[in-house]
$ cat start.txt   # compact mmCIF, C-alpha atoms and all ligand atoms
# COMPACT_ATOMS: atom_id res chain seq x y z
CA MET A 85 73.37 50.53 108.61
CA ASN A 86 71.76 53.94 108.84
CA GLN A 87 72.58 56.84 106.50
CA ASP A 88 75.11 58.33 108.91
CA GLN A 89 77.00 55.02 109.12
CA LEU A 90 76.97 54.72 105.31
CA LYS A 91 78.47 58.20 105.05
CA ALA A 92 81.21 57.23 107.50
CA LEU A 93 81.88 54.07 105.50
CA VAL A 94 82.42 55.90 102.19
CA GLY A 95 84.36 58.68 103.93
CA GLN A 96 86.77 56.07 105.23
CA ALA A 97 86.91 54.25 101.87
CA ALA A 98 87.97 57.47 100.12
CA LEU A 99 91.27 57.43 102.04
CA SER A 100 92.58 54.86 99.56
CA TYR A 101 92.37 57.56 96.84
CA VAL A 102 94.52 60.05 98.78
CA VAL A 103 97.92 60.31 97.11
CA PRO A 104 100.75 60.47 99.69
CA GLY A 105 102.77 63.68 99.40
CA GLU A 106 100.06 65.45 97.38
CA ILE A 107 97.66 68.21 98.44
CA ILE A 108 94.08 66.88 98.39
CA GLY A 109 90.97 68.73 97.20
CA VAL A 110 88.18 68.59 99.77
CA GLY A 111 84.47 69.19 99.16
CA THR A 112 81.64 70.13 101.51
CA GLY A 113 78.78 68.44 103.34
CA SER A 114 77.95 65.82 105.92
CA THR A 115 79.54 62.99 103.90
CA VAL A 116 82.70 65.00 103.36
CA ASN A 117 82.79 65.77 107.08
CA LYS A 118 83.23 62.01 107.63
CA PHE A 119 86.03 62.02 105.05
CA ILE A 120 87.74 64.95 106.79
CA ASP A 121 87.56 63.10 110.11
CA ALA A 122 89.14 60.03 108.46
CA LEU A 123 91.74 62.20 106.69
CA ALA A 124 92.93 63.48 110.07
CA THR A 125 94.17 59.96 110.86
CA ILE A 126 96.63 60.11 107.92
CA LYS A 127 97.35 63.85 107.95
CA ASP A 128 101.10 63.31 108.30
CA ARG A 129 101.15 61.75 104.81
CA ILE A 130 99.89 64.87 102.98
CA PRO A 131 101.03 68.51 102.91
CA GLY A 132 97.42 69.65 103.34
CA ALA A 133 94.19 70.40 101.49
CA VAL A 134 92.43 72.88 99.23
CA SER A 135 88.95 73.41 100.59
CA SER A 136 85.66 74.21 98.84
CA SER A 137 83.98 76.11 101.70
CA GLU A 138 84.51 78.05 104.90
CA ALA A 139 82.83 75.18 106.78
CA SER A 140 85.24 72.54 105.46
CA THR A 141 88.19 74.88 106.02
CA ALA A 142 87.21 75.28 109.67
CA ARG A 143 86.87 71.52 110.13
CA LEU A 144 90.18 70.78 108.40
CA LYS A 145 92.05 73.38 110.47
CA ALA A 146 90.45 72.21 113.72
CA LEU A 147 91.84 68.74 113.00
CA GLY A 148 95.32 70.11 112.28
CA ILE A 149 95.22 69.74 108.47
CA PRO A 150 96.85 72.74 106.72
CA VAL A 151 94.59 74.50 104.19
CA PHE A 152 96.04 76.09 101.04
CA GLN A 153 94.38 78.68 98.79
CA ALA A 154 93.51 77.35 95.33
CA ASN A 155 95.72 80.04 93.78
CA GLU A 156 98.74 78.95 95.83
CA VAL A 157 98.90 75.48 94.32
CA GLY A 158 98.88 73.83 90.91
CA GLU A 159 96.76 70.97 89.65
CA LEU A 160 95.49 68.63 92.34
CA ALA A 161 95.65 64.86 91.89
CA VAL A 162 92.33 64.11 93.58
CA TYR A 163 89.18 65.93 94.70
CA VAL A 164 86.81 64.18 97.13
CA ASP A 165 83.26 65.45 97.46
CA GLY A 166 79.67 64.34 98.01
CA ALA A 167 76.62 64.82 95.78
CA ASP A 168 72.91 65.44 96.06
CA GLU A 169 72.31 63.17 93.07
CA ILE A 170 74.51 61.12 90.76
CA ASP A 171 73.40 59.41 87.56
CA GLY A 172 74.74 56.36 85.69
CA GLN A 173 77.33 58.44 83.82
CA GLY A 174 78.73 60.26 86.87
CA ASN A 175 76.85 63.51 86.22
CA MET A 176 75.76 65.12 89.48
CA ILE A 177 73.54 67.68 91.11
CA LYS A 178 75.46 69.51 93.83
CA GLY A 179 74.96 72.56 96.00
CA GLY A 180 72.66 71.30 98.72
CA GLY A 181 75.23 72.79 101.10
CA ALA A 182 75.41 76.04 99.07
CA ALA A 183 79.09 75.46 98.24
CA LEU A 184 78.65 74.61 94.55
CA THR A 185 80.76 77.44 93.10
CA ARG A 186 83.92 76.68 95.04
CA GLU A 187 83.24 72.96 94.61
CA LYS A 188 83.20 73.37 90.84
CA ILE A 189 86.38 75.47 90.98
CA VAL A 190 88.33 72.91 93.02
CA ALA A 191 86.94 70.05 90.91
CA ALA A 192 88.14 71.84 87.76
CA GLN A 193 91.61 72.13 89.30
CA SER A 194 91.76 68.39 90.00
CA ARG A 195 92.64 65.45 87.75
CA ARG A 196 90.25 63.00 89.42
CA PHE A 197 86.86 63.57 91.07
CA VAL A 198 86.03 60.93 93.68
CA CYS A 199 82.36 61.17 94.65
CA ILE A 200 81.36 59.72 98.03
CA ALA A 201 77.66 59.10 98.56
CA ASP A 202 75.14 56.79 100.12
CA GLU A 203 72.90 54.85 97.76
CA SER A 204 69.96 57.24 98.21
CA LYS A 205 71.85 59.68 95.93
CA ARG A 206 71.89 57.34 92.92
CA VAL A 207 69.29 58.23 90.24
CA ALA A 208 68.56 57.21 86.65
CA VAL A 209 67.93 60.81 85.56
CA LEU A 210 68.97 63.95 87.46
CA GLY A 211 66.26 66.30 88.69
CA ARG A 212 64.35 64.88 91.64
CA PHE A 213 66.50 67.03 93.94
CA PRO A 214 65.74 70.76 93.42
CA LEU A 215 68.63 72.19 91.42
CA PRO A 216 70.77 74.71 93.35
CA VAL A 217 71.93 77.71 91.31
CA GLU A 218 74.16 80.41 92.81
CA ILE A 219 73.07 83.80 91.50
CA ILE A 220 73.79 87.52 91.74
CA PRO A 221 70.85 88.90 93.79
CA MET A 222 69.94 91.71 91.36
CA ALA A 223 69.12 89.09 88.68
CA THR A 224 66.72 87.11 90.91
CA THR A 225 63.34 88.04 89.43
CA ARG A 226 64.42 87.62 85.82
CA LEU A 227 66.13 84.30 86.53
CA ILE A 228 62.99 83.00 88.26
CA ARG A 229 61.10 83.88 85.05
CA GLN A 230 63.74 82.22 82.85
CA PHE A 231 63.50 78.99 84.86
CA ALA A 232 59.69 79.17 84.72
CA ALA A 233 59.93 79.28 80.91
CA LEU A 234 61.72 75.89 81.15
CA GLY A 235 58.99 74.52 83.43
CA GLY A 236 60.98 75.07 86.63
CA GLN A 237 59.76 76.55 89.90
CA ALA A 238 62.57 78.58 91.50
CA ALA A 239 62.69 79.82 95.08
CA VAL A 240 65.36 81.83 96.88
CA ARG A 241 66.93 79.63 99.57
CA GLN A 242 66.26 81.00 103.05
CA LYS A 243 68.17 80.79 106.31
CA ASP A 244 66.71 82.14 109.55
CA GLY A 245 63.95 83.90 107.59
CA VAL A 246 66.23 85.80 105.19
CA PRO A 247 67.97 84.80 101.93
CA LEU A 248 70.95 82.57 102.60
CA VAL A 249 74.23 84.30 101.72
CA THR A 250 76.91 82.03 100.26
CA ASP A 251 80.64 82.10 101.05
CA ASN A 252 80.89 84.28 97.91
CA GLY A 253 78.29 86.80 99.15
CA GLN A 254 75.59 85.67 96.70
CA HIS A 255 72.19 83.93 96.85
CA ILE A 256 70.95 80.45 95.92
CA LEU A 257 67.90 79.59 93.82
CA ASP A 258 66.52 76.07 94.32
CA VAL A 259 64.72 75.01 91.14
CA SER A 260 62.33 72.08 90.97
CA GLY A 261 60.45 70.59 88.01
CA LEU A 262 63.27 70.84 85.46
CA ASN A 263 63.98 68.38 82.67
CA LEU A 264 67.65 67.38 83.02
CA GLN A 265 67.75 64.60 80.42
CA ASP A 266 70.80 66.24 78.83
CA PRO A 267 72.81 67.55 81.81
CA ARG A 268 75.78 68.73 79.73
CA GLN A 269 73.64 70.83 77.39
CA PHE A 270 71.63 72.18 80.32
CA GLU A 271 74.77 73.17 82.24
CA SER A 272 76.21 74.79 79.14
CA ASP A 273 73.03 76.78 78.40
CA VAL A 274 72.18 77.99 81.91
CA SER A 275 75.79 78.95 82.65
CA GLN A 276 75.41 81.63 79.95
CA TRP A 277 72.45 83.35 81.60
CA PRO A 278 73.48 86.77 82.95
CA GLY A 279 73.38 86.69 86.75
CA VAL A 280 74.07 82.97 87.07
CA VAL A 281 77.30 82.45 89.01
CA THR A 282 77.23 78.65 89.00
CA VAL A 283 74.63 76.06 88.08
CA GLY A 284 74.61 72.97 90.33
CA VAL A 285 74.71 70.51 87.42
CA PHE A 286 78.18 68.94 87.36
CA ALA A 287 78.39 67.41 83.88
CA PHE A 288 81.61 69.10 82.73
CA GLN A 289 83.15 68.37 86.17
CA LYS A 290 81.47 65.01 86.62
CA ALA A 291 82.71 62.22 88.87
CA ASP A 292 85.44 59.89 87.62
CA VAL A 293 84.63 57.37 90.32
CA CYS A 294 81.83 57.02 92.87
CA LEU A 295 82.15 55.19 96.18
CA LEU A 296 78.55 54.31 96.87
CA GLY A 297 77.59 53.12 100.35
CA GLY A 298 74.80 50.56 100.63
CA ALA A 299 73.61 47.59 102.65
CA SER A 300 76.32 45.37 101.18
CA GLY A 301 79.12 47.87 101.84
CA VAL A 302 80.95 50.17 99.44
CA THR A 303 80.49 49.72 95.69
CA THR A 304 83.09 51.38 93.46
CA ILE A 305 81.70 52.70 90.18
CA GLU A 306 84.09 54.02 87.52
CA TYR A 307 82.78 56.27 84.72
C1 LIG A 401 77.42 70.94 99.11
C2 LIG A 401 77.25 69.74 98.27
C3 LIG A 401 77.25 68.41 98.95
O1 LIG A 401 78.23 67.60 98.39
C4 LIG A 401 75.91 67.77 98.78
O2 LIG A 401 74.92 68.67 99.24
C5 LIG A 401 75.81 66.46 99.57
O3 LIG A 401 75.83 66.73 100.93
P1 LIG A 401 75.69 65.62 102.02
O4 LIG A 401 76.94 64.81 101.99
O5 LIG A 401 75.52 66.40 103.31
O6 LIG A 401 74.47 64.80 101.70
O7 LIG A 401 77.12 69.79 97.08
O8 LIG A 401 77.26 72.13 98.38
$ encode --input "start.txt" --output "structure tokens"
Amino acid sequence: MNQDQLKALVGQAALSYVVPGEIIGVGTGSTVNKFIDALATIKDRIPGAVSSSEASTARLKALGIPVFQANEVGELAVYVDGADEIDGQGNMIKGGGAALTREKIVAAQSRRFVCIADESKRVAVLGRFPLPVEIIPMATTRLIRQFAALGGQAAVRQKDGVPLVTDNGQHILDVSGLNLQDPRQFESDVSQWPGVVTVGVFAFQKADVCLLGGASGVTTIEY
């Protein structure tokens, strides 16, 4: 199976975590797009979804799945999202699709985080994937220096030759070369830096379960 087929496999497998009658939290990315497509086949069983990005909202609506604002609803039973990396404890790096802030918000509003990923995302220690950090643009130069002091090389993410603008109107730094041996401490520390909106380490909102797609099918890992 190629990577696209693995993504479809885990997207389909995540349907078994959808609670009938309950609004579902929906993440962002190519793996989640497969989940949204699968969700459309059971859309009559749920009132709708809370979405973590404009892109997922558009896809959900196009498939006839009602989208609620996070503030309109209470706690969600389940949030389904992908990851750029996931370690053996369920800690993740997220934000490859620039949606990390809303992803963390919807994850925090949900009782259970179901991560869907192909096996290429599994790592022993987070940090091979450059860490996305959503930032306020006026803090860019100082934040690049602060990451450099930790041994990280930070670059402003570009789109069509200009800085990418997130759904929240901010920029993304991609930081490579960091030591993420203690993801929880790192997330806690960097979240305090003025100008950081959201750091793409998900240790406080880590996965409760991961559906990992590989050659032998879907492996379910509980944390
Ligand atoms: C978006 C994310 C995605 O979950 C992450 O980038 C994985 O994406 P994909 O499923 O396309 O590999 O965090 O901000």
$ closest_residue --input "start.txt" --among "A:Leu215, A:Ile108, A:Val134, A:Ala161" --to "ligand LIG 401 (chain A)" --atoms "only C-alpha atoms and all ligand atoms"
A:Leu215
$ residues_near_point --input "start.txt" --point "(81.9, 49.8, 92.0)" --cutoff "8 Å" --atoms "only C-alpha atoms" --output "NGL selection string"
:A and (294-296 or 302-306)
$ closest_atom_pairs --input "start.txt" --of "chain A" --to "ligand LIG 401 (chain A)" --cutoff "9 Å" --atoms "all atoms listed in the file" --output "Markdown table"
| residue | atom | partner | partner_atom | distance |
| --- | --- | --- | --- | --- |
| A:Lys91 | CA | A:LIG401 | O4 | 7.4 |
| A:Gly111 | CA | A:LIG401 | O1 | 6.5 |
| A:Thr112 | CA | A:LIG401 | C1 | 4.9 |
| A:Gly113 | CA | A:LIG401 | O5 | 3.8 |
| A:Ser114 | CA | A:LIG401 | O5 | 3.6 |
| A:Thr115 | CA | A:LIG401 | O4 | 3.7 |
| A:Val116 | CA | A:LIG401 | O4 | 5.9 |
| A:Asn117 | CA | A:LIG401 | O4 | 7.8 |
| A:Lys118 | CA | A:LIG401 | O4 | 8.9 |
| A:Ser136 | CA | A:LIG401 | O8 | 8.7 |
| A:Ser137 | CA | A:LIG401 | O8 | 8.5 |
| A:Asp165 | CA | A:LIG401 | O1 | 5.5 |
| A:Gly166 | CA | A:LIG401 | O1 | 3.6 |
| A:Ala167 | CA | A:LIG401 | O1 | 4.1 |
| A:Asp168 | CA | A:LIG401 | C5 | 4.7 |
| A:Glu169 | CA | A:LIG401 | C5 | 8.1 |
| A:Ile177 | CA | A:LIG401 | O7 | 7.3 |
| A:Lys178 | CA | A:LIG401 | O7 | 3.7 |
| A:Gly179 | CA | A:LIG401 | O8 | 3.3 |
| A:Gly180 | CA | A:LIG401 | O2 | 3.5 |
| A:Gly181 | CA | A:LIG401 | O8 | 3.5 |
| A:Ala182 | CA | A:LIG401 | O8 | 4.4 |
| A:Ala183 | CA | A:LIG401 | O8 | 3.8 |
| A:Leu184 | CA | A:LIG401 | O8 | 4.8 |
| A:Thr185 | CA | A:LIG401 | O8 | 8.3 |
| A:Arg186 | CA | A:LIG401 | O8 | 8.7 |
| A:Glu187 | CA | A:LIG401 | O8 | 7.1 |
| A:Cys199 | CA | A:LIG401 | O1 | 8.5 |
| A:Ile200 | CA | A:LIG401 | O4 | 7.8 |
| A:Ala201 | CA | A:LIG401 | O4 | 6.7 |
| A:Asp202 | CA | A:LIG401 | O6 | 8.2 |
| A:Lys205 | CA | A:LIG401 | O6 | 8.1 |
| A:Pro216 | CA | A:LIG401 | O8 | 8.6 |
| A:Gly284 | CA | A:LIG401 | O7 | 7.9 |
$ closest_residue --input "start.txt" --among "A:Ser135, A:Gln87, A:Gln269, A:Ser100" --to "Phe152 in chain A" --atoms "all atoms listed in the file"
A:Ser135
$ residues_around --input "start.txt" --residues "Ala239 in chain A" --least-positions-apart "5" --cutoff "9 Å" --atoms "only C-alpha atoms" --output "PyMOL selection string"
chain A and resi 228+256-260
$ atom_distance --input "start.txt" --atom1 "CA of Gln96 in chain A" --atom2 "CA of Ile120 in chain A"
9.1 Å
$ atom_distance --input "start.txt" --atom1 "CA of Thr282 in chain A" --atom2 "CA of Gln173 in chain A"
20.9 Å
$ closest_residue --input "start.txt" --among "A:Val274, A:Thr225, A:Ile219, A:Asp266" --to "Thr250 in chain A" --atoms "only C-alpha atoms"
A:Ile219
$ closest_residue --input "start.txt" --among "A:Arg206, A:Arg268, A:Lys145, A:Arg129" --to "Val102 in chain A" --atoms "only C-alpha atoms"
A:Arg129
$ atom_distance --input "start.txt" --atom1 "CA of Met85 in chain A" --atom2 "CA of Glu203 in chain A"
11.7 Å
$ closest_residue --input "start.txt" --among "A:Gly253, A:Gly172, A:Gly298, A:Pro104" --to "Val209 in chain A" --atoms "all atoms listed in the file"
A:Gly172
$ closest_residue --input "start.txt" --among "A:Leu123, A:Val246, A:Val280, A:Met176" --to "Ala223 in chain A" --atoms "all atoms listed in the file"
A:Val280
$ residues_around --input "start.txt" --residues "Gly279 in chain A" --least-positions-apart "2" --cutoff "10 Å" --atoms "all atoms listed in the file" --output "ChimeraX atom specification"
/A:218-224,226-227,275-277,281-282
$ build_atoms --input "start.txt" --residues "range 192-228 of chain A" --atoms "N, CA and C atoms" --output "mmCIF file, keeping the file's coordinate frame"
data_model
loop_
_atom_site.group_PDB
_atom_site.id
_atom_site.type_symbol
_atom_site.label_atom_id
_atom_site.label_comp_id
_atom_site.auth_asym_id
_atom_site.auth_seq_id
_atom_site.Cartn_x
_atom_site.Cartn_y
_atom_site.Cartn_z
ATOM 1 N N ALA A 192 87.511 71.516 89.054
ATOM 2 C CA ALA A 192 88.140 71.840 87.760
ATOM 3 C C ALA A 192 89.665 71.860 87.864
ATOM 4 N N GLN A 193 90.154 72.064 89.072
ATOM 5 C CA GLN A 193 91.610 72.130 89.300
ATOM 6 C C GLN A 193 92.187 70.743 89.583
ATOM 7 N N SER A 194 91.329 69.728 89.576
ATOM 8 C CA SER A 194 91.760 68.390 90.000
ATOM 9 C C SER A 194 91.687 67.394 88.834
ATOM 10 N N ARG A 195 92.622 66.455 88.830
ATOM 11 C CA ARG A 195 92.640 65.450 87.750
ATOM 12 C C ARG A 195 91.541 64.418 87.921
ATOM 13 N N ARG A 196 91.191 64.093 89.181
ATOM 14 C CA ARG A 196 90.250 63.000 89.420
ATOM 15 C C ARG A 196 89.223 63.415 90.463
ATOM 16 N N PHE A 197 87.944 63.256 90.133
ATOM 17 C CA PHE A 197 86.860 63.570 91.070
ATOM 18 C C PHE A 197 86.354 62.258 91.664
ATOM 19 N N VAL A 198 86.539 62.104 92.972
ATOM 20 C CA VAL A 198 86.030 60.930 93.680
ATOM 21 C C VAL A 198 84.779 61.356 94.438
ATOM 22 N N CYS A 199 83.632 60.847 93.992
ATOM 23 C CA CYS A 199 82.360 61.170 94.650
ATOM 24 C C CYS A 199 82.088 60.142 95.748
ATOM 25 N N ILE A 200 81.716 60.628 96.922
ATOM 26 C CA ILE A 200 81.360 59.720 98.030
ATOM 27 C C ILE A 200 79.895 59.983 98.367
ATOM 28 N N ALA A 201 79.098 58.915 98.380
ATOM 29 C CA ALA A 201 77.660 59.100 98.560
ATOM 30 C C ALA A 201 77.032 57.816 99.089
ATOM 31 N N ASP A 202 75.919 57.974 99.775
ATOM 32 C CA ASP A 202 75.140 56.790 100.120
ATOM 33 C C ASP A 202 74.176 56.504 98.978
ATOM 34 N N GLU A 203 73.632 55.290 98.956
ATOM 35 C CA GLU A 203 72.900 54.850 97.760
ATOM 36 C C GLU A 203 71.629 55.643 97.467
ATOM 37 N N SER A 204 71.156 56.423 98.448
ATOM 38 C CA SER A 204 69.960 57.240 98.210
ATOM 39 C C SER A 204 70.219 58.327 97.162
ATOM 40 N N LYS A 205 71.505 58.598 96.882
ATOM 41 C CA LYS A 205 71.850 59.680 95.930
ATOM 42 C C LYS A 205 71.866 59.198 94.472
ATOM 43 N N ARG A 206 71.798 57.898 94.275
ATOM 44 C CA ARG A 206 71.890 57.340 92.920
ATOM 45 C C ARG A 206 70.542 57.481 92.207
ATOM 46 N N VAL A 207 70.534 58.066 91.003
ATOM 47 C CA VAL A 207 69.290 58.230 90.240
ATOM 48 C C VAL A 207 69.529 57.826 88.781
ATOM 49 N N ALA A 208 68.435 57.515 88.084
ATOM 50 C CA ALA A 208 68.560 57.210 86.650
ATOM 51 C C ALA A 208 68.707 58.517 85.872
ATOM 52 N N VAL A 209 67.896 59.500 86.225
ATOM 53 C CA VAL A 209 67.930 60.810 85.560
ATOM 54 C C VAL A 209 67.965 61.890 86.636
ATOM 55 N N LEU A 210 68.874 62.863 86.483
ATOM 56 C CA LEU A 210 68.970 63.950 87.460
ATOM 57 C C LEU A 210 67.677 64.773 87.486
ATOM 58 N N GLY A 211 67.346 65.319 88.649
ATOM 59 C CA GLY A 211 66.260 66.300 88.690
ATOM 60 C C GLY A 211 65.230 66.131 89.785
ATOM 61 N N ARG A 212 65.281 65.025 90.505
ATOM 62 C CA ARG A 212 64.350 64.880 91.640
ATOM 63 C C ARG A 212 64.712 65.888 92.732
ATOM 64 N N PHE A 213 66.022 66.061 92.954
ATOM 65 C CA PHE A 213 66.500 67.030 93.940
ATOM 66 C C PHE A 213 66.423 68.427 93.316
ATOM 67 N N PRO A 214 65.815 69.394 94.002
ATOM 68 C CA PRO A 214 65.740 70.760 93.420
ATOM 69 C C PRO A 214 67.142 71.291 93.111
ATOM 70 N N LEU A 215 67.295 71.794 91.895
ATOM 71 C CA LEU A 215 68.630 72.190 91.420
ATOM 72 C C LEU A 215 69.096 73.496 92.066
ATOM 73 N N PRO A 216 70.223 73.467 92.804
ATOM 74 C CA PRO A 216 70.770 74.710 93.350
ATOM 75 C C PRO A 216 71.484 75.518 92.248
ATOM 76 N N VAL A 217 71.241 76.814 92.253
ATOM 77 C CA VAL A 217 71.930 77.710 91.310
ATOM 78 C C VAL A 217 72.381 78.928 92.109
ATOM 79 N N GLU A 218 73.686 79.196 92.117
ATOM 80 C CA GLU A 218 74.160 80.410 92.810
ATOM 81 C C GLU A 218 73.996 81.576 91.856
ATOM 82 N N ILE A 219 73.398 82.657 92.370
ATOM 83 C CA ILE A 219 73.070 83.800 91.500
ATOM 84 C C ILE A 219 73.476 85.126 92.144
ATOM 85 N N ILE A 220 73.622 86.134 91.280
ATOM 86 C CA ILE A 220 73.790 87.520 91.740
ATOM 87 C C ILE A 220 72.405 88.041 92.118
ATOM 88 N N PRO A 221 72.207 88.545 93.334
ATOM 89 C CA PRO A 221 70.850 88.900 93.790
ATOM 90 C C PRO A 221 70.073 89.829 92.855
ATOM 91 N N MET A 222 70.724 90.773 92.178
ATOM 92 C CA MET A 222 69.940 91.710 91.360
ATOM 93 C C MET A 222 69.299 91.029 90.146
ATOM 94 N N ALA A 223 69.697 89.800 89.831
ATOM 95 C CA ALA A 223 69.120 89.090 88.680
ATOM 96 C C ALA A 223 67.988 88.139 89.096
ATOM 97 N N THR A 224 67.622 88.140 90.379
ATOM 98 C CA THR A 224 66.720 87.110 90.910
ATOM 99 C C THR A 224 65.400 86.999 90.144
ATOM 100 N N THR A 225 64.692 88.106 90.001
ATOM 101 C CA THR A 225 63.340 88.040 89.430
ATOM 102 C C THR A 225 63.368 87.559 87.987
ATOM 103 N N ARG A 226 64.340 88.061 87.215
ATOM 104 C CA ARG A 226 64.420 87.620 85.820
ATOM 105 C C ARG A 226 64.795 86.138 85.734
ATOM 106 N N LEU A 227 65.731 85.710 86.588
ATOM 107 C CA LEU A 227 66.130 84.300 86.530
ATOM 108 C C LEU A 227 64.978 83.383 86.932
ATOM 109 N N ILE A 228 64.166 83.805 87.900
ATOM 110 C CA ILE A 228 62.990 83.000 88.260
ATOM 111 C C ILE A 228 62.082 82.853 87.035
#
